[in-house]
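Structure data follow from upload.pdb (PDB, C-alpha atoms (C1' of nucleotides)):
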MODEL        1
ATOM      1  CA  MET A 386      68.823 130.391 113.504
ATOM      2  CA  THR A 387      67.824 129.476 109.991
ATOM      3  CA  ASN A 388      64.190 128.422 110.389
ATOM      4  CA  GLY A 389      64.176 126.495 107.136
ATOM      5  CA  GLY A 390      60.625 125.244 107.050
ATOM      6  CA  ALA A 391      58.380 127.682 108.850
ATOM      7  CA  LEU A 392      56.092 129.956 106.926
ATOM      8  CA  ARG A 393      56.889 133.567 107.486
ATOM      9  CA  GLU A 394      54.369 136.049 106.300
ATOM     10  CA  LEU A 395      54.957 136.949 102.677
ATOM     11  CA  ASP A 396      54.486 140.585 101.758
ATOM     12  CA  GLU A 397      53.475 142.167  98.474
ATOM     13  CA  VAL A 398      57.044 142.283  97.223
ATOM     14  CA  ASP A 399      57.514 138.565  97.804
ATOM     15  CA  HIS A 400      54.331 137.869  95.900
ATOM     16  CA  ALA A 401      55.493 139.946  92.976
ATOM     17  CA  LEU A 402      58.854 138.218  93.041
ATOM     18  CA  LEU A 403      57.317 134.739  93.096
ATOM     19  CA  GLU A 404      55.032 135.653  90.252
ATOM     20  CA  ALA A 405      57.866 137.073  88.193
ATOM     21  CA  VAL A 406      60.192 134.152  88.680
ATOM     22  CA  GLN A 407      57.414 131.704  87.846
ATOM     23  CA  ARG A 408      56.680 133.511  84.600
ATOM     24  CA  ASP A 409      60.334 133.650  83.605
ATOM     25  CA  GLY A 410      62.603 131.308  85.499
ATOM     26  CA  ARG A 411      65.645 132.562  83.641
ATOM     27  CA  ALA A 412      65.124 136.226  84.378
ATOM     28  CA  THR A 413      68.307 137.823  85.674
ATOM     29  CA  LEU A 414      68.492 139.381  89.118
ATOM     30  CA  SER A 415      68.539 142.776  87.430
ATOM     31  CA  ASP A 416      65.346 141.946  85.550
ATOM     32  CA  LEU A 417      63.624 140.762  88.701
ATOM     33  CA  ALA A 418      64.882 143.769  90.630
ATOM     34  CA  ALA A 419      63.422 146.058  87.993
ATOM     35  CA  THR A 420      60.014 144.394  87.981
ATOM     36  CA  ILE A 421      59.664 144.401  91.756
ATOM     37  CA  ARG A 422      61.228 147.868  92.007
ATOM     38  CA  LEU A 423      63.946 147.019  94.443
ATOM     39  CA  GLY A 424      67.720 147.023  94.439
ATOM     40  CA  VAL A 425      69.580 144.021  93.082
ATOM     41  CA  SER A 426      71.048 143.052  96.433
ATOM     42  CA  ALA A 427      67.690 143.152  98.171
ATOM     43  CA  THR A 428      66.160 141.124  95.374
ATOM     44  CA  ARG A 429      68.833 138.495  95.696
ATOM     45  CA  ALA A 430      68.422 138.328  99.446
ATOM     46  CA  ARG A 431      64.683 137.781  99.168
ATOM     47  CA  LEU A 432      65.103 135.213  96.422
ATOM     48  CA  GLN A 433      67.614 133.262  98.468
ATOM     49  CA  THR A 434      65.330 133.344 101.474
ATOM     50  CA  LEU A 435      62.470 131.986  99.406
ATOM     51  CA  GLU A 436      64.706 129.219  98.117
ATOM     52  CA  ARG A 437      66.061 128.356 101.541
ATOM     53  CA  GLN A 438      62.571 128.231 103.007
ATOM     54  CA  GLY A 439      61.539 125.740 100.362
ATOM     55  CA  ILE A 440      58.927 128.064  98.941
ATOM     56  CA  ILE A 441      60.776 128.025  95.647
ATOM     57  CA  THR A 442      61.469 124.333  95.173
ATOM     58  CA  SER A 443      63.254 124.281  91.827
ATOM     59  CA  TYR A 444      63.843 125.903  88.476
ATOM     60  CA  ALA A 445      63.107 123.990  85.307
ATOM     61  CA  ALA A 446      62.876 124.323  81.567
ATOM     62  CA  HIS A 447      59.571 123.107  80.167
ATOM     63  CA  ILE A 448      59.667 121.158  76.943
ATOM     64  CA  ASP A 449      56.928 120.231  74.503
ATOM     65  CA  PRO A 450      56.438 116.445  74.651
ATOM     66  CA  GLU A 451      54.992 116.344  71.131
ATOM     67  CA  ARG A 452      58.111 117.888  69.652
ATOM     68  CA  VAL A 453      60.379 115.288  71.196
ATOM     69  CA  GLY A 454      58.413 112.343  69.935
ATOM     70  CA  TYR A 455      55.512 111.813  72.321
ATOM     71  CA  ALA A 456      52.411 111.811  70.137
ATOM     72  CA  LEU A 457      50.131 110.753  72.981
ATOM     73  CA  ARG A 458      49.243 111.939  76.432
ATOM     74  CA  ALA A 459      46.955 110.005  78.741
ATOM     75  CA  VAL A 460      45.474 110.013  82.213
ATOM     76  CA  VAL A 461      45.439 106.684  84.018
ATOM     77  CA  ARG A 462      43.395 106.131  87.156
ATOM     78  CA  MET A 463      44.131 103.087  89.263
ATOM     79  CA  ARG A 464      42.438 101.376  92.177
ATOM     80  CA  VAL A 465      44.290  99.384  94.759
ATOM     81  CA  ASN A 466      42.070  97.003  96.658
ATOM     82  CA  GLY A 467      44.065  95.525  99.496
ATOM     83  CA  PRO A 468      46.916  97.077 101.443
ATOM     84  CA  LEU A 469      48.445 100.007  99.630
ATOM     85  CA  LEU A 470      51.312  98.580  97.663
ATOM     86  CA  ASP A 471      53.388 101.698  97.408
ATOM     87  CA  SER A 472      56.503  99.720  96.624
ATOM     88  CA  GLN A 473      54.950  98.265  93.464
ATOM     89  CA  VAL A 474      53.791 101.698  92.366
ATOM     90  CA  THR A 475      57.219 103.152  93.033
ATOM     91  CA  ALA A 476      58.815 100.367  91.026
ATOM     92  CA  VAL A 477      56.693 101.125  87.956
ATOM     93  CA  LEU A 478      57.302 104.853  88.365
ATOM     94  CA  GLU A 479      61.033 104.256  88.268
ATOM     95  CA  LYS A 480      60.826 101.829  85.378
ATOM     96  CA  ARG A 481      58.630 104.128  83.278
ATOM     97  CA  PRO A 482      59.824 107.716  83.038
ATOM     98  CA  GLN A 483      56.870 108.378  80.724
ATOM     99  CA  ILE A 484      54.721 108.513  83.837
ATOM    100  CA  VAL A 485      55.391 112.179  84.434
ATOM    101  CA  ARG A 486      53.006 112.726  87.327
ATOM    102  CA  CYS A 487      51.387 110.541  89.983
ATOM    103  CA  LEU A 488      48.933 111.595  92.663
ATOM    104  CA  ARG A 489      47.498 109.546  95.512
ATOM    105  CA  VAL A 490      43.912 110.631  95.963
ATOM    106  CA  THR A 491      40.683 110.001  97.839
ATOM    107  CA  GLY A 492      37.691 108.410  96.174
ATOM    108  CA  GLU A 493      37.399 105.355  93.991
ATOM    109  CA  SER A 494      40.672 105.878  92.213
ATOM    110  CA  CYS A 495      43.589 105.554  94.588
ATOM    111  CA  TYR A 496      46.149 106.840  92.131
ATOM    112  CA  MET A 497      45.894 109.244  89.243
ATOM    113  CA  MET A 498      48.745 109.380  86.760
ATOM    114  CA  GLU A 499      49.619 111.412  83.740
ATOM    115  CA  VAL A 500      51.550 109.633  81.019
ATOM    116  CA  VAL A 501      53.261 110.593  77.778
ATOM    117  CA  ALA A 502      53.792 107.948  75.091
ATOM    118  CA  THR A 503      55.244 107.713  71.611
ATOM    119  CA  GLY A 504      52.222 105.759  70.394
ATOM    120  CA  MET A 505      49.564 103.287  71.387
ATOM    121  CA  ARG A 506      52.107 100.488  71.548
ATOM    122  CA  ASP A 507      54.157 102.449  74.052
ATOM    123  CA  LEU A 508      51.100 103.375  76.095
ATOM    124  CA  GLU A 509      49.963  99.766  76.151
ATOM    125  CA  GLU A 510      53.227  98.626  77.677
ATOM    126  CA  ILE A 511      52.904 101.130  80.487
ATOM    127  CA  THR A 512      49.262 100.427  81.254
ATOM    128  CA  ASP A 513      50.024  96.706  81.226
ATOM    129  CA  ASP A 514      52.517  97.271  84.016
ATOM    130  CA  LEU A 515      50.006  99.294  85.987
ATOM    131  CA  ALA A 516      47.142  96.855  85.424
ATOM    132  CA  GLN A 517      49.123  94.237  87.331
ATOM    133  CA  ILE A 518      48.840  96.340  90.470
ATOM    134  CA  GLY A 519      45.132  97.184  90.259
ATOM    135  CA  PRO A 520      42.246  97.887  87.912
ATOM    136  CA  ILE A 521      42.868 100.942  85.736
ATOM    137  CA  THR A 522      40.941 103.376  83.590
ATOM    138  CA  THR A 523      42.779 105.113  80.769
ATOM    139  CA  ASP A 524      41.663 108.358  79.131
ATOM    140  CA  LEU A 525      43.511 109.916  76.231
ATOM    141  CA  VAL A 526      44.168 113.646  76.365
ATOM    142  CA  TYR A 527      42.868 115.673  73.443
ATOM    143  CA  GLU A 528      44.258 118.963  74.599
ATOM    144  CA  VAL A 529      46.043 120.612  77.494
ATOM    145  CA  VAL A 530      43.555 123.435  77.938
ATOM    146  CA  ALA A 531      45.472 125.171  80.718
ATOM    147  CA  ASP A 532      48.724 124.781  82.607
ATOM    148  CA  LYS A 533      49.174 127.686  84.961
ATOM    149  CA  PRO A 534      51.695 128.587  87.621
ATOM    150  CA  THR A 535      50.597 128.433  91.239
ATOM    151  CA  PRO A 536      48.879 131.708  92.147
ATOM    152  CA  VAL A 537      50.255 133.669  95.085
ATOM    153  CA  PRO A 538      47.382 134.799  97.287
TER     154      PRO A 538
ATOM    155  CA  MET B 754      65.628 129.395  56.692
ATOM    156  CA  THR B 755      64.346 129.168  60.197
ATOM    157  CA  ASN B 756      61.955 126.225  60.099
ATOM    158  CA  GLY B 757      60.421 127.091  63.444
ATOM    159  CA  GLY B 758      58.054 124.197  63.934
ATOM    160  CA  ALA B 759      59.406 121.112  62.229
ATOM    161  CA  LEU B 760      60.998 118.358  64.237
ATOM    162  CA  ARG B 761      64.585 117.893  63.332
ATOM    163  CA  GLU B 762      66.250 114.779  64.579
ATOM    164  CA  LEU B 763      67.661 115.320  68.042
ATOM    165  CA  ASP B 764      71.022 113.757  68.773
ATOM    166  CA  GLU B 765      72.540 112.547  72.024
ATOM    167  CA  VAL B 766      73.902 115.974  72.867
ATOM    168  CA  ASP B 767      70.493 117.601  72.487
ATOM    169  CA  HIS B 768      69.023 114.961  74.780
ATOM    170  CA  ALA B 769      71.635 115.631  77.396
ATOM    171  CA  LEU B 770      71.065 119.355  77.081
ATOM    172  CA  LEU B 771      67.306 119.048  77.437
ATOM    173  CA  GLU B 772      67.739 116.832  80.442
ATOM    174  CA  ALA B 773      70.156 119.271  82.030
ATOM    175  CA  VAL B 774      67.993 122.375  81.597
ATOM    176  CA  GLN B 775      64.965 120.515  82.863
ATOM    177  CA  ARG B 776      66.815 119.520  86.012
ATOM    178  CA  ASP B 777      68.219 123.005  86.570
ATOM    179  CA  GLY B 778      66.533 125.758  84.613
ATOM    180  CA  ARG B 779      68.866 128.354  86.067
ATOM    181  CA  ALA B 780      72.107 126.637  85.113
ATOM    182  CA  THR B 781      74.453 129.015  83.341
ATOM    183  CA  LEU B 782      75.661 128.339  79.809
ATOM    184  CA  SER B 783      79.042 127.422  81.260
ATOM    185  CA  ASP B 784      77.404 124.875  83.552
ATOM    186  CA  LEU B 785      75.424 123.370  80.701
ATOM    187  CA  ALA B 786      78.463 123.388  78.440
ATOM    188  CA  ALA B 787      80.413 121.488  81.069
ATOM    189  CA  THR B 788      77.754 118.837  81.597
ATOM    190  CA  ILE B 789      77.276 118.154  77.900
ATOM    191  CA  ARG B 790      81.015 118.434  77.247
ATOM    192  CA  LEU B 791      80.857 121.076  74.580
ATOM    193  CA  GLY B 792      82.052 124.618  74.119
ATOM    194  CA  VAL B 793      79.972 127.476  75.411
ATOM    195  CA  SER B 794      79.232 128.833  71.931
ATOM    196  CA  ALA B 795      78.032 125.489  70.666
ATOM    197  CA  THR B 796      75.896 125.025  73.767
ATOM    198  CA  ARG B 797      74.349 128.409  73.283
ATOM    199  CA  ALA B 798      73.626 127.729  69.619
ATOM    200  CA  ARG B 799      71.906 124.444  70.382
ATOM    201  CA  LEU B 800      69.900 125.940  73.226
ATOM    202  CA  GLN B 801      68.690 128.782  71.034
ATOM    203  CA  THR B 802      67.713 126.341  68.323
ATOM    204  CA  LEU B 803      65.725 124.276  70.802
ATOM    205  CA  GLU B 804      63.972 127.412  72.026
ATOM    206  CA  ARG B 805      63.251 128.690  68.520
ATOM    207  CA  GLN B 806      61.856 125.321  67.480
ATOM    208  CA  GLY B 807      59.458 125.408  70.386
ATOM    209  CA  ILE B 808      60.953 122.282  71.913
ATOM    210  CA  ILE B 809      61.842 124.298  74.984
ATOM    211  CA  THR B 810      58.629 126.201  75.640
ATOM    212  CA  SER B 811      59.487 128.160  78.773
ATOM    213  CA  TYR B 812      61.514 128.422  81.933
ATOM    214  CA  ALA B 813      59.807 128.601  85.299
ATOM    215  CA  ALA B 814      60.433 128.522  89.003
ATOM    216  CA  HIS B 815      58.375 125.911  90.815
ATOM    217  CA  ILE B 816      56.917 126.851  94.154
ATOM    218  CA  ASP B 817      55.435 124.746  96.929
ATOM    219  CA  PRO B 818      51.689 125.492  97.098
ATOM    220  CA  GLU B 819      51.506 124.432 100.761
ATOM    221  CA  ARG B 820      54.097 126.988 101.794
ATOM    222  CA  VAL B 821      52.201 129.841 100.202
ATOM    223  CA  GLY B 822      48.924 129.012 101.875
ATOM    224  CA  TYR B 823      47.271 126.273  99.832
ATOM    225  CA  ALA B 824      46.497 123.516 102.304
ATOM    226  CA  LEU B 825      44.503 121.488  99.798
ATOM    227  CA  ARG B 826      44.990 120.024  96.372
ATOM    228  CA  ALA B 827      42.201 118.323  94.461
ATOM    229  CA  VAL B 828      41.411 116.679  91.152
ATOM    230  CA  VAL B 829      38.068 117.597  89.612
ATOM    231  CA  ARG B 830      36.576 115.622  86.741
ATOM    232  CA  MET B 831      33.730 117.151  84.791
ATOM    233  CA  ARG B 832      31.277 115.886  82.175
ATOM    234  CA  VAL B 833      29.725 118.085  79.559
ATOM    235  CA  ASN B 834      26.581 116.635  78.051
ATOM    236  CA  GLY B 835      25.556 118.815  75.152
ATOM    237  CA  PRO B 836      27.756 120.824  72.839
ATOM    238  CA  LEU B 837      31.189 121.461  74.271
ATOM    239  CA  LEU B 838      30.945 124.758  76.053
ATOM    240  CA  ASP B 839      34.563 125.741  75.874
ATOM    241  CA  SER B 840      33.765 129.373  76.481
ATOM    242  CA  GLN B 841      32.205 128.635  79.867
ATOM    243  CA  VAL B 842      35.176 126.496  80.841
ATOM    244  CA  THR B 843      37.566 129.193  79.729
ATOM    245  CA  ALA B 844      35.657 131.755  81.762
ATOM    246  CA  VAL B 845      36.010 129.726  84.964
ATOM    247  CA  LEU B 846      39.666 129.061  84.237
ATOM    248  CA  GLU B 847      40.303 132.773  84.004
ATOM    249  CA  LYS B 848      38.237 133.557  87.054
ATOM    250  CA  ARG B 849      39.917 130.913  89.201
ATOM    251  CA  PRO B 850      43.705 130.888  89.070
ATOM    252  CA  GLN B 851      43.619 128.062  91.609
ATOM    253  CA  ILE B 852      42.760 125.754  88.727
ATOM    254  CA  VAL B 853      46.362 125.163  87.795
ATOM    255  CA  ARG B 854      45.831 122.518  85.131
ATOM    256  CA  CYS B 855      42.984 121.524  82.828
ATOM    257  CA  LEU B 856      42.931 118.663  80.329
ATOM    258  CA  ARG B 857      40.255 117.769  77.801
ATOM    259  CA  VAL B 858      40.102 114.011  77.632
ATOM    260  CA  THR B 859      38.295 111.044  76.131
ATOM    261  CA  GLY B 860      36.006 108.846  78.211
ATOM    262  CA  GLU B 861      33.262 109.730  80.617
ATOM    263  CA  SER B 862      34.963 112.786  81.997
ATOM    264  CA  CYS B 863      35.331 115.465  79.369
ATOM    265  CA  TYR B 864      37.619 117.632  81.462
ATOM    266  CA  MET B 865      40.096 116.830  84.190
ATOM    267  CA  MET B 866      41.361 119.636  86.361
ATOM    268  CA  GLU B 867      43.879 120.032  89.121
ATOM    269  CA  VAL B 868      43.088 122.611  91.759
ATOM    270  CA  VAL B 869      44.859 124.151  94.731
ATOM    271  CA  ALA B 870      42.794 125.697  97.528
ATOM    272  CA  THR B 871      43.383 127.387 100.858
ATOM    273  CA  GLY B 872      40.690 125.259 102.510
ATOM    274  CA  MET B 873      37.404 123.478 101.988
ATOM    275  CA  ARG B 874      35.570 126.777 101.744
ATOM    276  CA  ASP B 875      37.811 127.909  98.924
ATOM    277  CA  LEU B 876      37.527 124.573  97.136
ATOM    278  CA  GLU B 877      33.762 124.662  97.443
ATOM    279  CA  GLU B 878      33.548 128.000  95.677
ATOM    280  CA  ILE B 879      35.537 126.683  92.757
ATOM    281  CA  THR B 880      33.637 123.427  92.406
ATOM    282  CA  ASP B 881      30.374 125.346  92.607
ATOM    283  CA  ASP B 882      31.411 127.323  89.554
ATOM    284  CA  LEU B 883      32.331 124.152  87.711
ATOM    285  CA  ALA B 884      29.180 122.291  88.732
ATOM    286  CA  GLN B 885      27.145 124.857  86.833
ATOM    287  CA  ILE B 886      28.743 123.688  83.595
ATOM    288  CA  GLY B 887      28.376 119.946  84.098
ATOM    289  CA  PRO B 888      28.359 117.151  86.670
ATOM    290  CA  ILE B 889      31.644 116.889  88.543
ATOM    291  CA  THR B 890      33.554 114.454  90.708
ATOM    292  CA  THR B 891      36.054 115.835  93.193
ATOM    293  CA  ASP B 892      38.935 113.855  94.704
ATOM    294  CA  LEU B 893      41.275 115.292  97.286
ATOM    295  CA  VAL B 894      44.985 114.694  96.824
ATOM    296  CA  TYR B 895      46.778 113.010  99.717
ATOM    297  CA  GLU B 896      50.211 113.178  98.193
ATOM    298  CA  VAL B 897      52.038 114.110  95.013
ATOM    299  CA  VAL B 898      53.853 110.815  94.630
ATOM    300  CA  ALA B 899      55.827 111.847  91.570
ATOM    301  CA  ASP B 900      56.297 114.908  89.379
ATOM    302  CA  LYS B 901      58.937 114.210  86.796
ATOM    303  CA  PRO B 902      60.314 116.109  83.836
ATOM    304  CA  THR B 903      59.449 114.863  80.374
ATOM    305  CA  PRO B 904      61.924 112.129  79.417
ATOM    306  CA  VAL B 905      63.900 112.592  76.202
ATOM    307  CA  PRO B 906      63.812 109.370  74.201
TER     308      PRO B 906
ATOM    309  C1'  DA C 528      66.336 145.518 105.568
ATOM    310  C1'  DC C 529      67.845 148.182 101.636
ATOM    311  C1'  DT C 530      71.244 150.877  98.686
ATOM    312  C1'  DG C 531      75.395 151.566  96.121
ATOM    313  C1'  DA C 532      80.047 150.631  94.345
ATOM    314  C1'  DA C 533      83.977 147.678  92.982
ATOM    315  C1'  DA C 534      85.857 143.280  91.349
ATOM    316  C1'  DG C 535      85.290 139.261  89.058
ATOM    317  C1'  DG C 536      82.766 136.126  86.067
ATOM    318  C1'  DC C 537      79.560 135.229  82.543
ATOM    319  C1'  DC C 538      76.978 136.220  78.441
ATOM    320  C1'  DG C 539      76.513 137.247  73.600
ATOM    321  C1'  DG C 540      78.246 138.907  69.398
ATOM    322  C1'  DC C 541      82.051 138.306  65.984
ATOM    323  C1'  DC C 542      85.294 135.753  63.123
ATOM    324  C1'  DA C 543      87.933 131.640  61.924
ATOM    325  C1'  DA C 544      87.972 126.836  60.869
TER     326       DA C 544
ATOM    327  C1'  DT D1262      78.340 123.406  63.620
ATOM    328  C1'  DT D1263      82.139 124.423  66.892
ATOM    329  C1'  DG D1264      85.927 127.052  69.351
ATOM    330  C1'  DG D1265      88.230 131.460  70.800
ATOM    331  C1'  DC D1266      88.395 136.357  71.804
ATOM    332  C1'  DC D1267      86.489 140.792  73.553
ATOM    333  C1'  DG D1268      83.235 144.277  75.085
ATOM    334  C1'  DG D1269      79.562 144.825  78.133
ATOM    335  C1'  DC D1270      76.359 143.250  81.472
ATOM    336  C1'  DC D1271      75.403 140.547  85.498
ATOM    337  C1'  DT D1272      76.506 138.594  89.859
ATOM    338  C1'  DT D1273      78.706 138.810  94.151
ATOM    339  C1'  DT D1274      80.570 140.855  98.101
ATOM    340  C1'  DC D1275      81.144 144.473 101.261
ATOM    341  C1'  DA D1276      80.638 148.804 103.279
ATOM    342  C1'  DG D1277      77.336 152.193 104.628
ATOM    343  C1'  DT D1278      72.718 153.869 105.872
TER     344       DT D1278
ENDMDL
END

Any chance you could put this one into structure tokens?
Amino acid sequence: MTNGGALRELDEVDHALLEAVQRDGRATLSDLAATIRLGVSATRARLQTLERQGIITSYAAHIDPERVGYALRAVVRMRVNGPLLDSQVTAVLEKRPQIVRCLRVTGESCYMMEVVATGMRDLEEITDDLAQIGPITTDLVYEVVADKPTPVP
Amino acid sequence: MTNGGALRELDEVDHALLEAVQRDGRATLSDLAATIRLGVSATRARLQTLERQGIITSYAAHIDPERVGYALRAVVRMRVNGPLLDSQVTAVLEKRPQIVRCLRVTGESCYMMEVVATGMRDLEEITDDLAQIGPITTDLVYEVVADKPTPVP
DNA sequence: ACTGAAAGGCCGGCCAA
DNA sequence: TTGGCCGGCCTTTCAGT
């Protein structure tokens, strides 16, 4: 059987592999094999297992928003008073790709979103859409102080 | 000349390429060449340019924090009253790899952080460290509603 | 579960346009 | 800047342990 979702115990080698492939997502199997001191075949087998189990969810290139025209980054918190109107939130998320991240959280803010924008005009359009769902608070981001991969304990 | 940092105008093909490598960071050059309908050499040249310009900053595997033992995710907001004590923040960031993201922002909260934790005990240790720098507010994350790549305008 | 070898495919440098 | 060719490396598969 395949056992796609269960969490098997990860050993030291798996940890090293996860760490390596998070640091360099384009590392070749040979590279990874060398860093975790294992044969290429074994490395591939472990990697495929991690992918199949959903522990590795995806591989992605990261790009610098500033260099592609987004001068601004902001955090928008939003309350929703009545019944949770997920459909409205989903609609705005689909309409506005600049909303790059959205979390549903406890506390006063029901949703926390991270937004990139080409300028204040652009940001205003997005927050206007959100403000129709519930009261929002917008903070501009001065600096991304840290953006780290998930540690493997 | 190399012109490492300036922003050249990106054309349609560059947009398509950026979109493609964000969706699949492990796509081969042949794959990418096929999707952007270009030769392999040309694809490689453009990709290298994007990397050299710092538009593509890195490649990474994404892993599911839950499946590696992090049952909790939280957002911590922190004020800093007096002079900005970046060194103290940096120290905690280095000590606690579970703080996977940290933004310095405008508004009442000076810092916004995203944290993964194995349980409440783990989370408590981290927030205790942060609370020594300034007053904090901690929200637990119910769900990551969206986590999208940066759009290319 | 890991190693090693063989076959095929892909990458990365070169030159031509 | 793009396309084509070629040498070398990587991936993949398959025995073997």

Could you give me the axis-aligned bounding box of region 535-544 of chain C, with 8 Å of padding per side, as centre plus edge lengths in Å to one decimal, as JSON?
{"center_x": 82.2, "center_y": 133.0, "center_z": 75.0, "size_x": 27.5, "size_y": 28.4, "size_z": 44.2}

Quiz prompt | Nearby residues (all atoms listed in the file) at most 12 Å from DA534 (chain C), same-chain spacing under 3 positions excluded, as a ChimeraX atom specification | solution = /D:1272-1275

Quiz prompt | Residues of chain B within 10 Å of chain D, all atoms listed in the file counted, as a PyMOL selection string | solution = chain B and resi 791-796+798-799

Could you turn the residues from that selection into a file that holds C-alpha atoms, as a short mmCIF file (atom, residue, chain, number, x, y, z; two decimals), in the coordinates of the input?
data_model
loop_
_atom_site.label_atom_id
_atom_site.label_comp_id
_atom_site.auth_asym_id
_atom_site.auth_seq_id
_atom_site.Cartn_x
_atom_site.Cartn_y
_atom_site.Cartn_z
CA LEU B 791 80.86 121.08 74.58
CA GLY B 792 82.05 124.62 74.12
CA VAL B 793 79.97 127.48 75.41
CA SER B 794 79.23 128.83 71.93
CA ALA B 795 78.03 125.49 70.67
CA THR B 796 75.90 125.02 73.77
CA ALA B 798 73.63 127.73 69.62
CA ARG B 799 71.91 124.44 70.38
#

Practice problem: Record the distance separating CA of Ala502 (chain A) and CA of Ala459 (chain A), expressed in Å with one decimal. | Solution: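 Atom-to-atom, CA of Ala502 (chain A) to CA of Ala459 (chain A), that is 8.0 Å.
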
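Any residue of chain C with an atom within 9 Å of chain A counts; using all atoms listed in the file, that gives C:DA528, C:DC529, C:DT530.
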
Quiz item: From the set B:Glu847, B:Asp882, B:Glu896, B:Asp764, which residue has the shortest atom-to-atom contact distance to chain A, counting all atoms listed in the file?
Solution: B:Glu896

Practice problem: Write out as a list of chain:residue names which residues come within 8 Å of region 887-895 of chain B when counting all atoms listed in the file, dropping same-chain ones fewer than 3 positions away. | Solution: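 Contacts, in chain order: A:Leu488, A:Arg489, A:Val490, A:Thr491, A:Gly492, B:Leu825, B:Arg826, B:Ala827, B:Val828, B:Val829, B:Arg830, B:Met831, B:Arg832, B:Val833, B:Asn834, B:Thr880, B:Leu883, B:Ala884.
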
Exercise. Apply the PyMOL selection byres ((chain A) within 7 of (chain B)) to the displayed file and report the matching residues as a PyMOL selection string.
Key: chain A and resi 392+406-411+440-450+452-453+482-483+485-492+524-537

Quiz item: Just how far from CA of Ile421 (chain A) is C1' of DC537 (chain C), in Å to one decimal?
Solution: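 One can read the C1' of DC537 (chain C) to CA of Ile421 (chain A) distance as 23.8 Å.
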
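Of the residues listed (B:Leu800, B:Val845, B:Gly835, B:Leu770), B:Val845 shows the shortest atom-to-atom separation from Glu878 (chain B); distances use only C-alpha atoms.
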
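Between CA of Leu417 (chain A) and CA of Arg429 (chain A) the interatomic distance comes to 9.0 Å.
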
Give me region 461-475 of chain A with N, CA and C atoms filled in, as a JSON list (two decimals), keeping the file's coordinate frame.
[["chain", "number", "residue", "atom", "x", "y", "z"],
["A", 461, "VAL", "N", 45.76, 108.03, 83.56],
["A", 461, "VAL", "CA", 45.44, 106.68, 84.02],
["A", 461, "VAL", "C", 45.03, 106.75, 85.48],
["A", 462, "ARG", "N", 43.84, 106.24, 85.76],
["A", 462, "ARG", "CA", 43.40, 106.13, 87.16],
["A", 462, "ARG", "C", 43.49, 104.68, 87.58],
["A", 463, "MET", "N", 43.91, 104.46, 88.82],
["A", 463, "MET", "CA", 44.13, 103.09, 89.26],
["A", 463, "MET", "C", 43.60, 102.86, 90.67],
["A", 464, "ARG", "N", 42.88, 101.78, 90.84],
["A", 464, "ARG", "CA", 42.44, 101.38, 92.18],
["A", 464, "ARG", "C", 43.43, 100.40, 92.78],
["A", 465, "VAL", "N", 43.52, 100.41, 94.06],
["A", 465, "VAL", "CA", 44.29, 99.38, 94.76],
["A", 465, "VAL", "C", 43.38, 98.85, 95.85],
["A", 466, "ASN", "N", 43.06, 97.56, 95.76],
["A", 466, "ASN", "CA", 42.07, 97.00, 96.66],
["A", 466, "ASN", "C", 42.60, 96.77, 98.07],
["A", 467, "GLY", "N", 43.61, 95.95, 98.17],
["A", 467, "GLY", "CA", 44.06, 95.52, 99.50],
["A", 467, "GLY", "C", 44.92, 96.58, 100.17],
["A", 468, "PRO", "N", 45.98, 96.14, 100.82],
["A", 468, "PRO", "CA", 46.92, 97.08, 101.44],
["A", 468, "PRO", "C", 47.59, 97.91, 100.36],
["A", 469, "LEU", "N", 47.85, 99.14, 100.63],
["A", 469, "LEU", "CA", 48.44, 100.01, 99.63],
["A", 469, "LEU", "C", 49.86, 99.54, 99.30],
["A", 470, "LEU", "N", 50.03, 99.14, 98.07],
["A", 470, "LEU", "CA", 51.31, 98.58, 97.66],
["A", 470, "LEU", "C", 52.17, 99.67, 97.05],
["A", 471, "ASP", "N", 52.61, 100.57, 97.90],
["A", 471, "ASP", "CA", 53.39, 101.70, 97.41],
["A", 471, "ASP", "C", 54.66, 101.25, 96.71],
["A", 472, "SER", "N", 55.24, 100.17, 97.21],
["A", 472, "SER", "CA", 56.50, 99.72, 96.62],
["A", 472, "SER", "C", 56.32, 99.32, 95.16],
["A", 473, "GLN", "N", 55.20, 98.65, 94.86],
["A", 473, "GLN", "CA", 54.95, 98.26, 93.46],
["A", 473, "GLN", "C", 54.75, 99.49, 92.59],
["A", 474, "VAL", "N", 54.01, 100.47, 93.13],
["A", 474, "VAL", "CA", 53.79, 101.70, 92.37],
["A", 474, "VAL", "C", 55.12, 102.40, 92.11],
["A", 475, "THR", "N", 55.91, 102.51, 93.17],
["A", 475, "THR", "CA", 57.22, 103.15, 93.03],
["A", 475, "THR", "C", 58.08, 102.46, 91.99]]
